[in-house]
$ cat start_10.pdb   # PDB, C-alpha atoms and all ligand atoms
ATOM      1  CA  MET A  83       3.147  16.423-153.445
ATOM      2  CA  LEU A  84       1.791  17.690-150.147
ATOM      3  CA  PRO A  85       0.037  16.955-147.974
ATOM      4  CA  LEU A  86       1.009  13.274-147.903
ATOM      5  CA  PRO A  87      -1.615  10.542-147.597
ATOM      6  CA  LEU A  88      -2.787   9.626-144.089
ATOM      7  CA  GLU A  89      -0.673   6.444-143.835
ATOM      8  CA  GLN A  90       2.537   8.391-144.464
ATOM      9  CA  ILE A  91       1.587  11.120-142.022
ATOM     10  CA  LEU A  92       0.952   8.437-139.390
ATOM     11  CA  ILE A  93       4.400   6.919-140.098
ATOM     12  CA  PHE A  94       5.973  10.377-139.720
ATOM     13  CA  ILE A  95       4.186  10.847-136.373
ATOM     14  CA  LYS A  96       5.311   7.408-135.169
ATOM     15  CA  VAL A  97       8.960   7.993-136.141
ATOM     16  CA  ARG A  98       8.957  11.453-134.593
ATOM     17  CA  ASN A  99       7.524  10.143-131.320
ATOM     18  CA  VAL A 100      10.185   7.398-131.234
ATOM     19  CA  LEU A 101      12.922   9.967-131.933
ATOM     20  CA  ARG A 102      11.745  12.172-129.070
ATOM     21  CA  VAL A 103      12.070   9.190-126.707
ATOM     22  CA  VAL A 104      15.498   8.310-128.159
ATOM     23  CA  VAL A 105      16.783  11.865-127.669
ATOM     24  CA  ILE A 106      15.481  12.183-124.102
ATOM     25  CA  ALA A 107      16.567   8.661-123.080
ATOM     26  CA  GLY A 108      19.912   9.150-124.825
ATOM     27  CA  PHE A 109      20.559  12.434-123.090
ATOM     28  CA  TYR A 110      19.749  11.149-119.597
ATOM     29  CA  GLY A 111      21.459   7.842-120.372
ATOM     30  CA  CYS A 112      24.638   9.696-121.246
ATOM     31  CA  VAL A 113      24.409  11.798-118.082
ATOM     32  CA  ALA A 114      23.800   8.660-115.994
ATOM     33  CA  LEU A 115      26.776   6.892-117.589
ATOM     34  CA  ALA A 116      29.021   9.885-116.931
ATOM     35  CA  LEU A 117      27.829  10.111-113.318
ATOM     36  CA  SER A 118      28.360   6.369-112.784
ATOM     37  CA  ARG A 119      31.877   6.691-114.138
ATOM     38  CA  TRP A 120      32.548   9.427-111.636
ATOM     39  CA  ILE A 121      30.838   7.717-108.662
ATOM     40  CA  TRP A 122      32.391   4.282-109.262
ATOM     41  CA  SER A 123      35.703   5.603-110.563
ATOM     42  CA  GLU A 124      37.686   2.968-108.611
ATOM     43  CA  HIS A 125      35.904   0.161-110.489
ATOM     44  CA  ALA A 126      37.646  -1.229-113.563
ATOM     45  CA  ALA A 127      34.366  -1.614-115.490
ATOM     46  CA  VAL A 128      33.835   2.114-116.010
ATOM     47  CA  HIS A 129      37.322   2.479-117.495
ATOM     48  CA  MET A 130      36.889  -0.243-120.095
ATOM     49  CA  PRO A 131      36.896   0.858-123.746
ATOM     50  CA  SER A 132      33.465  -0.718-124.170
ATOM     51  CA  TYR A 133      32.059   1.552-121.458
ATOM     52  CA  ILE A 134      33.456   4.622-123.207
ATOM     53  CA  LEU A 135      32.145   3.285-126.509
ATOM     54  CA  LEU A 136      28.669   2.802-125.002
ATOM     55  CA  MET A 137      28.722   6.367-123.709
ATOM     56  CA  ALA A 138      29.771   7.652-127.128
ATOM     57  CA  LEU A 139      27.057   5.636-128.899
ATOM     58  CA  VAL A 140      24.310   6.794-126.522
ATOM     59  CA  GLY A 141      25.482  10.384-126.893
ATOM     60  CA  LEU A 142      25.655  10.041-130.660
ATOM     61  CA  ALA A 143      22.125   8.580-130.818
ATOM     62  CA  ALA A 144      20.797  11.519-128.800
ATOM     63  CA  THR A 145      22.615  14.031-130.993
ATOM     64  CA  ALA A 146      21.566  12.409-134.269
ATOM     65  CA  GLY A 147      17.979  12.099-133.040
ATOM     66  CA  GLY A 148      17.947  15.753-132.048
ATOM     67  CA  LEU A 149      19.305  16.769-135.434
ATOM     68  CA  LEU A 150      16.638  14.724-137.228
ATOM     69  CA  LEU A 151      13.917  16.311-135.080
ATOM     70  CA  ARG A 152      15.330  19.709-135.992
ATOM     71  CA  ILE A 153      15.598  19.248-139.780
ATOM     72  CA  ALA A 154      12.496  17.121-140.395
ATOM     73  CA  ARG A 155       9.825  18.703-142.534
ATOM     74  CA  CYS A 156       6.136  18.458-141.828
ATOM     75  CA  PRO A 157       4.345  15.906-144.048
ATOM     76  CA  ALA A 158       1.304  18.164-144.241
ATOM     77  CA  CYS A 159       2.669  21.665-144.902
ATOM     78  CA  GLY A 160       6.264  20.910-145.967
ATOM     79  CA  ARG A 161       7.858  23.442-143.642
ATOM     80  CA  PHE A 162      10.170  22.629-140.715
ATOM     81  CA  PHE A 163       8.073  20.805-138.143
ATOM     82  CA  ALA A 164      10.016  22.229-135.189
ATOM     83  CA  VAL A 165      10.631  25.790-136.429
ATOM     84  CA  SER A 166       7.941  28.411-136.836
ATOM     85  CA  ALA A 167       8.337  30.166-140.195
ATOM     86  CA  ALA A 168       6.479  33.199-138.832
ATOM     87  CA  THR A 169       8.314  33.781-135.545
ATOM     88  CA  GLY A 170      11.510  31.715-135.930
ATOM     89  CA  LYS A 171      10.710  30.010-132.640
ATOM     90  CA  ARG A 172      12.219  26.556-132.247
ATOM     91  CA  ASN A 173      11.107  23.552-130.249
ATOM     92  CA  ASN A 174      12.493  20.134-131.162
ATOM     93  CA  PHE A 175      10.072  18.506-128.730
ATOM     94  CA  THR A 176       6.961  20.312-129.910
ATOM     95  CA  SER A 177       3.863  18.122-129.835
ATOM     96  CA  GLN A 178       2.424  19.776-132.929
ATOM     97  CA  CYS A 179       3.752  21.310-136.149
ATOM     98  CA  MET A 180       4.958  24.851-135.436
ATOM     99  CA  ASN A 181       3.488  25.977-138.766
ATOM    100  CA  CYS A 182       0.245  24.150-139.531
ATOM    101  CA  GLY A 183      -0.666  22.538-136.202
ATOM    102  CA  LEU A 184      -0.544  18.866-137.205
ATOM    103  CA  ARG A 185      -0.481  17.053-133.851
ATOM    104  CA  LEU A 186       1.887  14.229-132.896
ATOM    105  CA  ASP A 187      -0.813  12.360-130.958
ATOM    106  CA  GLY A 188      -2.555  11.849-134.309
ATOM    107  CA  VAL A 189      -5.956  13.242-133.311
ATOM    108  CA  ASN A 190      -6.075  15.665-136.239
ATOM    109  CA  ALA A 191      -3.940  13.683-138.725
ATOM    110  CA  ARG A 192      -7.020  12.822-140.803
ATOM    111  CA  ASP A 193      -7.894  16.514-141.266
ATOM    112  CA  TYR A 194      -4.383  17.270-142.534
ATOM    113  CA  ALA A 195      -3.907  14.239-144.787
ATOM    114  CA  ARG A 196      -4.391  14.366-148.525
ATOM    115  CA  ARG A 197      -7.970  13.610-149.446
ATOM    116  CA  SER A 198      -8.423   9.903-150.059
ATOM    117  CA  GLU A 199      -9.642   8.271-153.274
ATOM    118  CA  GLU A 200     -13.270   8.187-152.104
ATOM    119  CA  SER A 201     -13.565  11.913-151.486
ATOM    120  CA  ARG A 202     -11.907  12.635-154.839
ATOM    121  CA  GLU A 203     -14.553  10.486-156.515
ATOM    122  CA  GLU A 204     -17.271  12.357-154.664
ATOM    123  CA  LYS A 205     -16.080  15.606-156.188
ATOM    124  CA  SER A 206     -16.159  14.422-159.816
TER     125      SER A 206
HETATM  126 ZN    ZN B   1       2.969  21.477-140.784
END

$ encode --input "start_10.pdb" --output "structure tokens" --more "lines below"
Ligand SMILES: [Zn+2]
Amino acid sequence: MLPLPLEQILIFIKVRNVLRVVVIAGFYGCVALALSRWIWSEHAAVHMPSYILLMALVGLAATAGGLLLRIARCPACGRFFAVSAATGKRNNFTSQCMNCGLRLDGVNARDYARRSEESREEKS
């Protein structure tokens, strides 16, 4: 049932912010590792299987993080957070939902969350 309660929206925001950092750090980490391998190609360390494994893991983390950012659905409106249903525009690093405008800095999370128990009691 949507929208989710405030606590779950805040968890979604937190996870999404962490994923954005993972994807960006993973991408540049992978580039840095590849560059280091090229610059220090005469050193044995960059040819060790563990170095290649590290590169693969960092790259995989960035790819998986990017995929999660892409397929995650908004906890408030239920549509893809990073894809506008109206225009088809995509932005995995968007700072707000492309459909309803829920922001990742959390300033409007309360407005989008499901009404809490107190306000439901007020109504009845
Ligand atoms: Zn939304």

$ residues_around --input "start_10.pdb" --residues "segment 99-102 of chain A" --least-positions-apart "3" --cutoff "10 Å" --atoms "all atoms listed in the file" --output "PyMOL selection string"
chain A and resi 93-96+105-108+143-144+146-151+174-177+186-187

$ residues_near_ligand --input "start_10.pdb" --ligand "ligand ZN 1 (chain B)" --cutoff "8 Å" --atoms "all atoms listed in the file" --output "PyMOL selection string"
chain A and resi 155-163+179-184

$ atom_distance --input "start_10.pdb" --atom1 "atom CA of Ala195 of chain A" --atom2 "atom CA of Leu88 of chain A"
4.8 Å

$ atom_distance --input "start_10.pdb" --atom1 "atom CA of Gly141 of chain A" --atom2 "atom CA of Ala116 of chain A"
10.6 Å

$ axis_aligned_box --input "start_10.pdb" --around "segment 154-160 of chain A" --padding-each-side "6 Å" --output "AutoDock Vina command-line options"
--center_x 6.9 --center_y 18.8 --center_z -143.2 --size_x 23.2 --size_y 17.8 --size_z 17.6

$ closest_residue --input "start_10.pdb" --among "A:Val113, A:His125, A:Leu92, A:Gln178" --to "Ala138 of chain A" --atoms "all atoms listed in the file"
A:Val113

$ atom_distance --input "start_10.pdb" --atom1 "atom CA of Met137 of chain A" --atom2 "atom CA of Glu124 of chain A"
17.9 Å

$ build_atoms --input "start_10.pdb" --residues "segment 102-133 of chain A" --atoms "N, CA and C atoms" --output "PDB file, in the coordinates of the input"
ATOM      1  N   ARG A 102      11.791  11.348-130.288  1.00  0.00           N
ATOM      2  CA  ARG A 102      11.745  12.172-129.070  1.00  0.00           C
ATOM      3  C   ARG A 102      12.172  11.339-127.865  1.00  0.00           C
ATOM      4  N   VAL A 103      11.690  10.076-127.814  1.00  0.00           N
ATOM      5  CA  VAL A 103      12.070   9.190-126.707  1.00  0.00           C
ATOM      6  C   VAL A 103      13.569   8.887-126.771  1.00  0.00           C
ATOM      7  N   VAL A 104      14.074   8.629-127.991  1.00  0.00           N
ATOM      8  CA  VAL A 104      15.498   8.310-128.159  1.00  0.00           C
ATOM      9  C   VAL A 104      16.365   9.476-127.669  1.00  0.00           C
ATOM     10  N   VAL A 105      15.979  10.697-128.045  1.00  0.00           N
ATOM     11  CA  VAL A 105      16.783  11.865-127.669  1.00  0.00           C
ATOM     12  C   VAL A 105      16.766  12.071-126.152  1.00  0.00           C
ATOM     13  N   ILE A 106      15.579  11.971-125.552  1.00  0.00           N
ATOM     14  CA  ILE A 106      15.481  12.183-124.102  1.00  0.00           C
ATOM     15  C   ILE A 106      16.190  11.060-123.351  1.00  0.00           C
ATOM     16  N   ALA A 107      15.923   9.804-123.743  1.00  0.00           N
ATOM     17  CA  ALA A 107      16.567   8.661-123.080  1.00  0.00           C
ATOM     18  C   ALA A 107      18.073   8.708-123.305  1.00  0.00           C
ATOM     19  N   GLY A 108      18.485   9.077-124.515  1.00  0.00           N
ATOM     20  CA  GLY A 108      19.912   9.150-124.825  1.00  0.00           C
ATOM     21  C   GLY A 108      20.616  10.207-124.008  1.00  0.00           C
ATOM     22  N   PHE A 109      19.954  11.346-123.853  1.00  0.00           N
ATOM     23  CA  PHE A 109      20.559  12.434-123.090  1.00  0.00           C
ATOM     24  C   PHE A 109      20.748  12.023-121.622  1.00  0.00           C
ATOM     25  N   TYR A 110      19.648  11.532-121.006  1.00  0.00           N
ATOM     26  CA  TYR A 110      19.749  11.149-119.597  1.00  0.00           C
ATOM     27  C   TYR A 110      20.612   9.908-119.424  1.00  0.00           C
ATOM     28  N   GLY A 111      20.602   9.021-120.418  1.00  0.00           N
ATOM     29  CA  GLY A 111      21.459   7.842-120.372  1.00  0.00           C
ATOM     30  C   GLY A 111      22.918   8.252-120.333  1.00  0.00           C
ATOM     31  N   CYS A 112      23.263   9.214-121.175  1.00  0.00           N
ATOM     32  CA  CYS A 112      24.638   9.696-121.246  1.00  0.00           C
ATOM     33  C   CYS A 112      25.043  10.364-119.929  1.00  0.00           C
ATOM     34  N   VAL A 113      24.144  11.148-119.371  1.00  0.00           N
ATOM     35  CA  VAL A 113      24.409  11.798-118.082  1.00  0.00           C
ATOM     36  C   VAL A 113      24.598  10.741-116.998  1.00  0.00           C
ATOM     37  N   ALA A 114      23.723   9.722-117.000  1.00  0.00           N
ATOM     38  CA  ALA A 114      23.800   8.660-115.994  1.00  0.00           C
ATOM     39  C   ALA A 114      25.115   7.893-116.121  1.00  0.00           C
ATOM     40  N   LEU A 115      25.520   7.617-117.368  1.00  0.00           N
ATOM     41  CA  LEU A 115      26.776   6.892-117.589  1.00  0.00           C
ATOM     42  C   LEU A 115      27.971   7.718-117.111  1.00  0.00           C
ATOM     43  N   ALA A 116      27.926   9.014-117.358  1.00  0.00           N
ATOM     44  CA  ALA A 116      29.021   9.885-116.931  1.00  0.00           C
ATOM     45  C   ALA A 116      29.080   9.967-115.407  1.00  0.00           C
ATOM     46  N   LEU A 117      27.891  10.061-114.785  1.00  0.00           N
ATOM     47  CA  LEU A 117      27.829  10.111-113.318  1.00  0.00           C
ATOM     48  C   LEU A 117      28.355   8.811-112.701  1.00  0.00           C
ATOM     49  N   SER A 118      27.929   7.664-113.299  1.00  0.00           N
ATOM     50  CA  SER A 118      28.360   6.369-112.784  1.00  0.00           C
ATOM     51  C   SER A 118      29.881   6.241-112.848  1.00  0.00           C
ATOM     52  N   ARG A 119      30.430   6.744-113.941  1.00  0.00           N
ATOM     53  CA  ARG A 119      31.877   6.691-114.138  1.00  0.00           C
ATOM     54  C   ARG A 119      32.588   7.475-113.045  1.00  0.00           C
ATOM     55  N   TRP A 120      31.965   8.565-112.652  1.00  0.00           N
ATOM     56  CA  TRP A 120      32.548   9.427-111.636  1.00  0.00           C
ATOM     57  C   TRP A 120      32.376   8.815-110.245  1.00  0.00           C
ATOM     58  N   ILE A 121      31.140   8.282-109.980  1.00  0.00           N
ATOM     59  CA  ILE A 121      30.838   7.717-108.662  1.00  0.00           C
ATOM     60  C   ILE A 121      31.648   6.442-108.413  1.00  0.00           C
ATOM     61  N   TRP A 122      31.683   5.563-109.431  1.00  0.00           N
ATOM     62  CA  TRP A 122      32.391   4.282-109.262  1.00  0.00           C
ATOM     63  C   TRP A 122      33.748   4.317-109.970  1.00  0.00           C
ATOM     64  N   SER A 123      34.458   5.418-109.803  1.00  0.00           N
ATOM     65  CA  SER A 123      35.703   5.603-110.563  1.00  0.00           C
ATOM     66  C   SER A 123      36.788   4.593-110.175  1.00  0.00           C
ATOM     67  N   GLU A 124      36.660   3.954-108.993  1.00  0.00           N
ATOM     68  CA  GLU A 124      37.686   2.968-108.611  1.00  0.00           C
ATOM     69  C   GLU A 124      37.414   1.594-109.223  1.00  0.00           C
ATOM     70  N   HIS A 125      36.219   1.432-109.841  1.00  0.00           N
ATOM     71  CA  HIS A 125      35.904   0.161-110.489  1.00  0.00           C
ATOM     72  C   HIS A 125      36.496   0.117-111.893  1.00  0.00           C
ATOM     73  N   ALA A 126      37.004  -1.070-112.254  1.00  0.00           N
ATOM     74  CA  ALA A 126      37.646  -1.229-113.563  1.00  0.00           C
ATOM     75  C   ALA A 126      36.632  -1.111-114.698  1.00  0.00           C
ATOM     76  N   ALA A 127      35.376  -1.536-114.423  1.00  0.00           N
ATOM     77  CA  ALA A 127      34.366  -1.614-115.490  1.00  0.00           C
ATOM     78  C   ALA A 127      34.154  -0.274-116.185  1.00  0.00           C
ATOM     79  N   VAL A 128      34.142   0.811-115.410  1.00  0.00           N
ATOM     80  CA  VAL A 128      33.835   2.114-116.010  1.00  0.00           C
ATOM     81  C   VAL A 128      35.018   2.677-116.800  1.00  0.00           C
ATOM     82  N   HIS A 129      36.166   2.009-116.730  1.00  0.00           N
ATOM     83  CA  HIS A 129      37.322   2.479-117.495  1.00  0.00           C
ATOM     84  C   HIS A 129      37.586   1.619-118.718  1.00  0.00           C
ATOM     85  N   MET A 130      36.710   0.618-118.930  1.00  0.00           N
ATOM     86  CA  MET A 130      36.889  -0.243-120.095  1.00  0.00           C
ATOM     87  C   MET A 130      36.515   0.507-121.364  1.00  0.00           C
ATOM     88  N   PRO A 131      37.216   0.188-122.470  1.00  0.00           N
ATOM     89  CA  PRO A 131      36.896   0.858-123.746  1.00  0.00           C
ATOM     90  C   PRO A 131      35.433   0.684-124.135  1.00  0.00           C
ATOM     91  N   SER A 132      34.855  -0.486-123.783  1.00  0.00           N
ATOM     92  CA  SER A 132      33.465  -0.718-124.170  1.00  0.00           C
ATOM     93  C   SER A 132      32.526   0.233-123.428  1.00  0.00           C
ATOM     94  N   TYR A 133      32.889   0.598-122.214  1.00  0.00           N
ATOM     95  CA  TYR A 133      32.059   1.552-121.458  1.00  0.00           C
ATOM     96  C   TYR A 133      32.102   2.927-122.126  1.00  0.00           C
TER      97      TYR A 133
END
